[in-house]
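Raw entry18.pdb, PDB, C-alpha atoms, pLDDT in the B column:
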```
ATOM      1  CA  MET A   1      -0.984  -6.101  -7.990  1.00 92.00           C
ATOM      2  CA  THR A   2      -1.989  -8.245  -5.056  1.00 96.00           C
ATOM      3  CA  PRO A   3      -4.755  -7.091  -2.710  1.00 97.00           C
ATOM      4  CA  TYR A   4      -3.687  -6.601   0.920  1.00 98.00           C
ATOM      5  CA  ARG A   5      -5.600  -5.834   4.092  1.00 98.00           C
ATOM      6  CA  VAL A   6      -3.616  -3.617   6.467  1.00 98.00           C
ATOM      7  CA  SER A   7      -4.662  -3.033  10.089  1.00 98.00           C
ATOM      8  CA  VAL A   8      -3.597   0.225  11.736  1.00 98.00           C
ATOM      9  CA  HIS A   9      -3.925   1.416  15.338  1.00 97.00           C
ATOM     10  CA  ILE A  10      -3.944   5.187  15.931  1.00 97.00           C
ATOM     11  CA  VAL A  11      -3.737   6.389  19.546  1.00 94.00           C
ATOM     12  CA  PRO A  12      -3.100   9.695  21.339  1.00 94.00           C
ATOM     13  CA  ARG A  13       0.557  10.366  22.074  1.00 93.00           C
ATOM     14  CA  LYS A  14       1.756   9.490  25.560  1.00 88.00           C
ATOM     15  CA  GLY A  15       1.715  12.478  27.846  1.00 87.00           C
ATOM     16  CA  LEU A  16      -1.107  14.242  26.012  1.00 90.00           C
ATOM     17  CA  LEU A  17      -4.519  14.710  27.572  1.00 89.00           C
ATOM     18  CA  ASP A  18      -6.878  11.843  26.667  1.00 93.00           C
ATOM     19  CA  PRO A  19     -10.203  12.683  28.362  1.00 94.00           C
ATOM     20  CA  GLN A  20     -11.991   9.678  26.902  1.00 95.00           C
ATOM     21  CA  GLY A  21      -9.226   7.342  28.030  1.00 95.00           C
ATOM     22  CA  LYS A  22      -9.293   8.899  31.525  1.00 95.00           C
ATOM     23  CA  ALA A  23     -13.081   8.393  31.735  1.00 97.00           C
ATOM     24  CA  VAL A  24     -12.725   4.733  30.753  1.00 97.00           C
ATOM     25  CA  THR A  25      -9.896   4.245  33.270  1.00 97.00           C
ATOM     26  CA  ASP A  26     -12.006   5.760  36.066  1.00 98.00           C
ATOM     27  CA  ALA A  27     -15.034   3.642  35.103  1.00 98.00           C
ATOM     28  CA  LEU A  28     -12.967   0.453  35.137  1.00 98.00           C
ATOM     29  CA  HIS A  29     -11.624   1.324  38.592  1.00 98.00           C
ATOM     30  CA  THR A  30     -15.202   1.929  39.771  1.00 98.00           C
ATOM     31  CA  LEU A  31     -16.145  -1.527  38.461  1.00 98.00           C
ATOM     32  CA  GLY A  32     -13.382  -3.109  40.542  1.00 98.00           C
ATOM     33  CA  PHE A  33     -10.599  -3.407  37.973  1.00 98.00           C
ATOM     34  CA  ALA A  34      -8.001  -1.777  40.219  1.00 97.00           C
ATOM     35  CA  ALA A  35      -5.045  -3.229  38.289  1.00 98.00           C
ATOM     36  CA  VAL A  36      -5.797  -1.081  35.219  1.00 97.00           C
ATOM     37  CA  GLY A  37      -3.163   1.635  34.880  1.00 94.00           C
ATOM     38  CA  ASP A  38      -4.033   3.778  31.867  1.00 92.00           C
ATOM     39  CA  VAL A  39      -6.427   3.406  28.974  1.00 94.00           C
ATOM     40  CA  HIS A  40      -5.815   5.135  25.648  1.00 93.00           C
ATOM     41  CA  VAL A  41      -8.794   5.421  23.320  1.00 95.00           C
ATOM     42  CA  GLY A  42      -7.941   5.658  19.663  1.00 95.00           C
ATOM     43  CA  ARG A  43      -9.020   4.353  16.275  1.00 96.00           C
ATOM     44  CA  HIS A  44      -8.567   1.069  14.477  1.00 97.00           C
ATOM     45  CA  LEU A  45      -8.531   1.218  10.677  1.00 98.00           C
ATOM     46  CA  VAL A  46      -8.523  -1.623   8.171  1.00 98.00           C
ATOM     47  CA  ILE A  47      -7.301  -0.483   4.774  1.00 98.00           C
ATOM     48  CA  GLU A  48      -7.631  -2.630   1.673  1.00 98.00           C
ATOM     49  CA  THR A  49      -5.042  -1.714  -0.920  1.00 97.00           C
ATOM     50  CA  GLY A  50      -3.236  -3.201  -3.877  1.00 97.00           C
ATOM     51  CA  ALA A  51       0.542  -3.530  -3.911  1.00 97.00           C
ATOM     52  CA  ALA A  52       3.338  -5.537  -5.466  1.00 97.00           C
ATOM     53  CA  ASP A  53       4.164  -7.188  -2.107  1.00 97.00           C
ATOM     54  CA  ALA A  54       3.509  -6.903   1.642  1.00 97.00           C
ATOM     55  CA  THR A  55       6.423  -4.509   2.150  1.00 97.00           C
ATOM     56  CA  ALA A  56       5.078  -2.122  -0.480  1.00 97.00           C
ATOM     57  CA  ALA A  57       1.577  -2.316   1.042  1.00 97.00           C
ATOM     58  CA  GLU A  58       2.944  -1.451   4.493  1.00 97.00           C
ATOM     59  CA  ARG A  59       5.066   1.389   3.107  1.00 97.00           C
ATOM     60  CA  SER A  60       2.027   2.825   1.302  1.00 98.00           C
ATOM     61  CA  VAL A  61      -0.181   2.688   4.416  1.00 98.00           C
ATOM     62  CA  ARG A  62       2.584   4.263   6.547  1.00 97.00           C
ATOM     63  CA  ASP A  63       2.669   7.133   4.064  1.00 98.00           C
ATOM     64  CA  MET A  64      -1.146   7.435   4.255  1.00 98.00           C
ATOM     65  CA  CYS A  65      -0.955   7.638   8.052  1.00 97.00           C
ATOM     66  CA  ALA A  66       1.859  10.183   8.029  1.00 97.00           C
ATOM     67  CA  ARG A  67       0.147  12.411   5.467  1.00 97.00           C
ATOM     68  CA  LEU A  68      -3.537  12.158   6.389  1.00 97.00           C
ATOM     69  CA  LEU A  69      -4.843   9.505   8.767  1.00 98.00           C
ATOM     70  CA  ALA A  70      -2.874  10.341  11.932  1.00 97.00           C
ATOM     71  CA  ASN A  71      -2.139  13.811  13.289  1.00 96.00           C
ATOM     72  CA  PRO A  72       1.657  13.772  13.757  1.00 93.00           C
ATOM     73  CA  VAL A  73       1.449  16.356  16.553  1.00 94.00           C
ATOM     74  CA  THR A  74      -1.056  14.523  18.766  1.00 95.00           C
ATOM     75  CA  GLU A  75      -1.182  10.891  17.612  1.00 96.00           C
ATOM     76  CA  ASP A  76       1.028   7.851  17.106  1.00 96.00           C
ATOM     77  CA  PHE A  77       0.224   4.957  14.796  1.00 97.00           C
ATOM     78  CA  GLU A  78       1.388   1.404  14.369  1.00 96.00           C
ATOM     79  CA  ILE A  79       0.818  -1.116  11.612  1.00 97.00           C
ATOM     80  CA  ALA A  80      -0.717  -4.121  13.372  1.00 95.00           C
ATOM     81  CA  ALA A  81      -0.930  -6.564  10.451  1.00 95.00           C
ATOM     82  CA  VAL A  82      -0.446  -6.836   6.701  1.00 96.00           C
ATOM     83  CA  VAL A  83      -2.176  -9.837   5.143  1.00 96.00           C
ATOM     84  CA  ALA A  84      -2.991 -10.831   1.592  1.00 95.00           C
ATOM     85  CA  ALA A  85      -6.730 -10.364   1.083  1.00 86.00           C
TER      86      ALA A  85
END
```
Step by step, read the file and then write its structure as structure tokens.
Amino acid sequence: MTPYRVSVHIVPRKGLLDPQGKAVTDALHTLGFAAVGDVHVGRHLVIETGAADATAAERSVRDMCARLLANPVTEDFEIAAVVAA
């Protein structure tokens, strides 16, 4: 098995209430960043795992997200990077 480091972004689903994101958006507007549309506040995870190859590591982390790490009703996730550790 080769060690891999997998980066995952988990964010609230579009269209769902994101009070923290709304507060950040409003604060940025107050600071003069008028061009900011929406801000979505989520989580960034870095998972170190062993796998036969990068594809297997990504597949394993996708399964982790679907089963535990992301709430499928309220959150979306994306695999940002899979690199050999």
Can you list, as number ranges by chain, every protein, DNA or RNA residue that comes within 12 Å of region 53-70 of chain A when you count all atoms listed in the file, leaving out same-chain residues fewer than 2 positions away? A: 1-13, 42-51, 72-85
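Relative to CA of Gln20 (chain A), CA of Asp38 (chain A) is found at 11.1 Å.
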Step by step, gather every atom of region 76-80 of chain A that the file lists, find the box along x, y and z that holds them, add 5 Å on each side, and finally give centre and edge lengths in Å to one decimal, as JSON.
```
{"center_x": 0.3, "center_y": 1.9, "center_z": 14.4, "size_x": 12.1, "size_y": 22.0, "size_z": 15.5}
```
What is the distance, in Å and to one decimal place, between CA of Lys22 (chain A) and CA of Val41 (chain A)? 8.9 Å
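What separates CA of Gly37 (chain A) from CA of Thr25 (chain A) is a distance of 7.4 Å.
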Quick one: region 2-51 of chain A from the block, N, CA and C atoms, as a PDB file, in the first residue's frame.
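Listed below is the output, selection-v8.pdb:
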```pdb
ATOM      1  N   THR A   2       0.447   2.214  -0.753  1.00  0.00           N
ATOM      2  CA  THR A   2       1.127   3.505  -0.812  1.00  0.00           C
ATOM      3  C   THR A   2       0.340   4.504   0.021  1.00  0.00           C
ATOM      4  N   PRO A   3       1.033   5.335   0.806  1.00  0.00           N
ATOM      5  CA  PRO A   3       0.301   6.369   1.553  1.00  0.00           C
ATOM      6  C   PRO A   3      -0.099   7.530   0.639  1.00  0.00           C
ATOM      7  N   TYR A   4      -1.322   8.002   0.806  1.00  0.00           N
ATOM      8  CA  TYR A   4      -1.841   9.141   0.040  1.00  0.00           C
ATOM      9  C   TYR A   4      -2.419  10.172   0.989  1.00  0.00           C
ATOM     10  N   ARG A   5      -2.327  11.421   0.580  1.00  0.00           N
ATOM     11  CA  ARG A   5      -2.954  12.527   1.308  1.00  0.00           C
ATOM     12  C   ARG A   5      -4.058  13.064   0.391  1.00  0.00           C
ATOM     13  N   VAL A   6      -5.282  13.033   0.898  1.00  0.00           N
ATOM     14  CA  VAL A   6      -6.449  13.435   0.106  1.00  0.00           C
ATOM     15  C   VAL A   6      -7.094  14.660   0.751  1.00  0.00           C
ATOM     16  N   SER A   7      -7.247  15.725  -0.034  1.00  0.00           N
ATOM     17  CA  SER A   7      -7.890  16.951   0.444  1.00  0.00           C
ATOM     18  C   SER A   7      -9.345  16.970   0.000  1.00  0.00           C
ATOM     19  N   VAL A   8     -10.231  17.294   0.940  1.00  0.00           N
ATOM     20  CA  VAL A   8     -11.670  17.301   0.679  1.00  0.00           C
ATOM     21  C   VAL A   8     -12.258  18.628   1.139  1.00  0.00           C
ATOM     22  N   HIS A   9     -13.123  19.207   0.314  1.00  0.00           N
ATOM     23  CA  HIS A   9     -13.886  20.397   0.692  1.00  0.00           C
ATOM     24  C   HIS A   9     -15.338  19.981   0.890  1.00  0.00           C
ATOM     25  N   ILE A  10     -15.908  20.352   2.040  1.00  0.00           N
ATOM     26  CA  ILE A  10     -17.317  20.076   2.334  1.00  0.00           C
ATOM     27  C   ILE A  10     -17.994  21.422   2.562  1.00  0.00           C
ATOM     28  N   VAL A  11     -19.045  21.702   1.791  1.00  0.00           N
ATOM     29  CA  VAL A  11     -19.746  22.986   1.892  1.00  0.00           C
ATOM     30  C   VAL A  11     -21.253  22.752   1.935  1.00  0.00           C
ATOM     31  N   PRO A  12     -21.997  23.731   2.495  1.00  0.00           N
ATOM     32  CA  PRO A  12     -23.462  23.612   2.481  1.00  0.00           C
ATOM     33  C   PRO A  12     -23.984  23.576   1.040  1.00  0.00           C
ATOM     34  N   ARG A  13     -25.043  22.848   0.833  1.00  0.00           N
ATOM     35  CA  ARG A  13     -25.653  22.782  -0.497  1.00  0.00           C
ATOM     36  C   ARG A  13     -26.177  24.141  -0.910  1.00  0.00           C
ATOM     37  N   LYS A  14     -26.082  24.431  -2.207  1.00  0.00           N
ATOM     38  CA  LYS A  14     -26.625  25.688  -2.728  1.00  0.00           C
ATOM     39  C   LYS A  14     -28.123  25.734  -2.458  1.00  0.00           C
ATOM     40  N   GLY A  15     -28.589  26.903  -2.086  1.00  0.00           N
ATOM     41  CA  GLY A  15     -30.000  27.081  -1.820  1.00  0.00           C
ATOM     42  C   GLY A  15     -30.390  26.854  -0.370  1.00  0.00           C
ATOM     43  N   LEU A  16     -29.499  26.259   0.416  1.00  0.00           N
ATOM     44  CA  LEU A  16     -29.793  26.057   1.834  1.00  0.00           C
ATOM     45  C   LEU A  16     -29.255  27.236   2.645  1.00  0.00           C
ATOM     46  N   LEU A  17     -29.913  27.516   3.746  1.00  0.00           N
ATOM     47  CA  LEU A  17     -29.507  28.607   4.611  1.00  0.00           C
ATOM     48  C   LEU A  17     -28.092  28.357   5.145  1.00  0.00           C
ATOM     49  N   ASP A  18     -27.229  29.364   4.990  1.00  0.00           N
ATOM     50  CA  ASP A  18     -25.856  29.310   5.494  1.00  0.00           C
ATOM     51  C   ASP A  18     -25.607  30.587   6.294  1.00  0.00           C
ATOM     52  N   PRO A  19     -26.064  30.628   7.561  1.00  0.00           N
ATOM     53  CA  PRO A  19     -25.968  31.865   8.340  1.00  0.00           C
ATOM     54  C   PRO A  19     -24.536  32.370   8.500  1.00  0.00           C
ATOM     55  N   GLN A  20     -23.594  31.464   8.657  1.00  0.00           N
ATOM     56  CA  GLN A  20     -22.207  31.890   8.798  1.00  0.00           C
ATOM     57  C   GLN A  20     -21.689  32.494   7.491  1.00  0.00           C
ATOM     58  N   GLY A  21     -22.029  31.891   6.386  1.00  0.00           N
ATOM     59  CA  GLY A  21     -21.645  32.429   5.088  1.00  0.00           C
ATOM     60  C   GLY A  21     -22.269  33.792   4.836  1.00  0.00           C
ATOM     61  N   LYS A  22     -23.539  33.969   5.227  1.00  0.00           N
ATOM     62  CA  LYS A  22     -24.231  35.250   5.073  1.00  0.00           C
ATOM     63  C   LYS A  22     -23.556  36.324   5.916  1.00  0.00           C
ATOM     64  N   ALA A  23     -23.161  35.980   7.151  1.00  0.00           N
ATOM     65  CA  ALA A  23     -22.479  36.943   8.026  1.00  0.00           C
ATOM     66  C   ALA A  23     -21.142  37.371   7.425  1.00  0.00           C
ATOM     67  N   VAL A  24     -20.405  36.429   6.859  1.00  0.00           N
ATOM     68  CA  VAL A  24     -19.124  36.764   6.237  1.00  0.00           C
ATOM     69  C   VAL A  24     -19.349  37.635   4.995  1.00  0.00           C
ATOM     70  N   THR A  25     -20.349  37.297   4.196  1.00  0.00           N
ATOM     71  CA  THR A  25     -20.673  38.111   3.017  1.00  0.00           C
ATOM     72  C   THR A  25     -20.982  39.545   3.421  1.00  0.00           C
ATOM     73  N   ASP A  26     -21.844  39.721   4.420  1.00  0.00           N
ATOM     74  CA  ASP A  26     -22.213  41.059   4.888  1.00  0.00           C
ATOM     75  C   ASP A  26     -20.999  41.816   5.412  1.00  0.00           C
ATOM     76  N   ALA A  27     -20.130  41.138   6.163  1.00  0.00           N
ATOM     77  CA  ALA A  27     -18.935  41.784   6.707  1.00  0.00           C
ATOM     78  C   ALA A  27     -17.992  42.226   5.591  1.00  0.00           C
ATOM     79  N   LEU A  28     -17.843  41.403   4.568  1.00  0.00           N
ATOM     80  CA  LEU A  28     -16.986  41.787   3.444  1.00  0.00           C
ATOM     81  C   LEU A  28     -17.545  42.999   2.710  1.00  0.00           C
ATOM     82  N   HIS A  29     -18.866  43.043   2.544  1.00  0.00           N
ATOM     83  CA  HIS A  29     -19.491  44.212   1.914  1.00  0.00           C
ATOM     84  C   HIS A  29     -19.240  45.462   2.749  1.00  0.00           C
ATOM     85  N   THR A  30     -19.363  45.329   4.077  1.00  0.00           N
ATOM     86  CA  THR A  30     -19.120  46.447   4.984  1.00  0.00           C
ATOM     87  C   THR A  30     -17.675  46.948   4.866  1.00  0.00           C
ATOM     88  N   LEU A  31     -16.747  46.042   4.614  1.00  0.00           N
ATOM     89  CA  LEU A  31     -15.341  46.402   4.476  1.00  0.00           C
ATOM     90  C   LEU A  31     -14.993  46.940   3.090  1.00  0.00           C
ATOM     91  N   GLY A  32     -15.998  47.039   2.214  1.00  0.00           N
ATOM     92  CA  GLY A  32     -15.771  47.628   0.901  1.00  0.00           C
ATOM     93  C   GLY A  32     -15.562  46.644  -0.227  1.00  0.00           C
ATOM     94  N   PHE A  33     -15.746  45.364   0.024  1.00  0.00           N
ATOM     95  CA  PHE A  33     -15.600  44.361  -1.028  1.00  0.00           C
ATOM     96  C   PHE A  33     -16.959  44.108  -1.679  1.00  0.00           C
ATOM     97  N   ALA A  34     -17.434  45.103  -2.419  1.00  0.00           N
ATOM     98  CA  ALA A  34     -18.774  45.062  -3.000  1.00  0.00           C
ATOM     99  C   ALA A  34     -18.923  43.985  -4.074  1.00  0.00           C
ATOM    100  N   ALA A  35     -17.841  43.555  -4.680  1.00  0.00           N
ATOM    101  CA  ALA A  35     -17.917  42.571  -5.762  1.00  0.00           C
ATOM    102  C   ALA A  35     -18.200  41.158  -5.268  1.00  0.00           C
ATOM    103  N   VAL A  36     -18.102  40.926  -3.954  1.00  0.00           N
ATOM    104  CA  VAL A  36     -18.349  39.586  -3.416  1.00  0.00           C
ATOM    105  C   VAL A  36     -19.825  39.258  -3.538  1.00  0.00           C
ATOM    106  N   GLY A  37     -20.127  38.123  -4.171  1.00  0.00           N
ATOM    107  CA  GLY A  37     -21.517  37.694  -4.321  1.00  0.00           C
ATOM    108  C   GLY A  37     -21.969  36.916  -3.094  1.00  0.00           C
ATOM    109  N   ASP A  38     -21.567  35.671  -3.015  1.00  0.00           N
ATOM    110  CA  ASP A  38     -21.922  34.804  -1.889  1.00  0.00           C
ATOM    111  C   ASP A  38     -20.665  34.183  -1.307  1.00  0.00           C
ATOM    112  N   VAL A  39     -20.720  33.893  -0.034  1.00  0.00           N
ATOM    113  CA  VAL A  39     -19.661  33.157   0.643  1.00  0.00           C
ATOM    114  C   VAL A  39     -20.311  31.924   1.257  1.00  0.00           C
ATOM    115  N   HIS A  40     -19.671  30.786   1.089  1.00  0.00           N
ATOM    116  CA  HIS A  40     -20.145  29.537   1.688  1.00  0.00           C
ATOM    117  C   HIS A  40     -19.066  29.049   2.634  1.00  0.00           C
ATOM    118  N   VAL A  41     -19.394  28.908   3.895  1.00  0.00           N
ATOM    119  CA  VAL A  41     -18.437  28.464   4.898  1.00  0.00           C
ATOM    120  C   VAL A  41     -18.623  26.972   5.111  1.00  0.00           C
ATOM    121  N   GLY A  42     -17.545  26.244   4.952  1.00  0.00           N
ATOM    122  CA  GLY A  42     -17.614  24.798   5.116  1.00  0.00           C
ATOM    123  C   GLY A  42     -16.415  24.284   5.882  1.00  0.00           C
ATOM    124  N   ARG A  43     -15.994  23.073   5.532  1.00  0.00           N
ATOM    125  CA  ARG A  43     -14.859  22.436   6.202  1.00  0.00           C
ATOM    126  C   ARG A  43     -13.869  21.952   5.152  1.00  0.00           C
ATOM    127  N   HIS A  44     -12.619  21.954   5.543  1.00  0.00           N
ATOM    128  CA  HIS A  44     -11.563  21.400   4.693  1.00  0.00           C
ATOM    129  C   HIS A  44     -10.917  20.270   5.488  1.00  0.00           C
ATOM    130  N   LEU A  45     -10.905  19.075   4.931  1.00  0.00           N
ATOM    131  CA  LEU A  45     -10.310  17.926   5.599  1.00  0.00           C
ATOM    132  C   LEU A  45      -9.130  17.426   4.791  1.00  0.00           C
ATOM    133  N   VAL A  46      -8.104  16.982   5.474  1.00  0.00           N
ATOM    134  CA  VAL A  46      -6.968  16.312   4.840  1.00  0.00           C
ATOM    135  C   VAL A  46      -6.894  14.921   5.462  1.00  0.00           C
ATOM    136  N   ILE A  47      -7.095  13.925   4.629  1.00  0.00           N
ATOM    137  CA  ILE A  47      -7.147  12.540   5.103  1.00  0.00           C
ATOM    138  C   ILE A  47      -5.928  11.797   4.583  1.00  0.00           C
ATOM    139  N   GLU A  48      -5.183  11.189   5.476  1.00  0.00           N
ATOM    140  CA  GLU A  48      -4.055  10.355   5.092  1.00  0.00           C
ATOM    141  C   GLU A  48      -4.509   8.903   5.137  1.00  0.00           C
ATOM    142  N   THR A  49      -4.357   8.234   4.015  1.00  0.00           N
ATOM    143  CA  THR A  49      -4.842   6.859   3.900  1.00  0.00           C
ATOM    144  C   THR A  49      -3.912   6.049   3.019  1.00  0.00           C
ATOM    145  N   GLY A  50      -3.938   4.756   3.185  1.00  0.00           N
ATOM    146  CA  GLY A  50      -3.154   3.871   2.339  1.00  0.00           C
ATOM    147  C   GLY A  50      -4.039   3.262   1.265  1.00  0.00           C
ATOM    148  N   ALA A  51      -3.489   3.127   0.064  1.00  0.00           N
ATOM    149  CA  ALA A  51      -4.254   2.532  -1.036  1.00  0.00           C
ATOM    150  C   ALA A  51      -3.290   1.989  -2.091  1.00  0.00           C
TER     151      ALA A  51
END
```
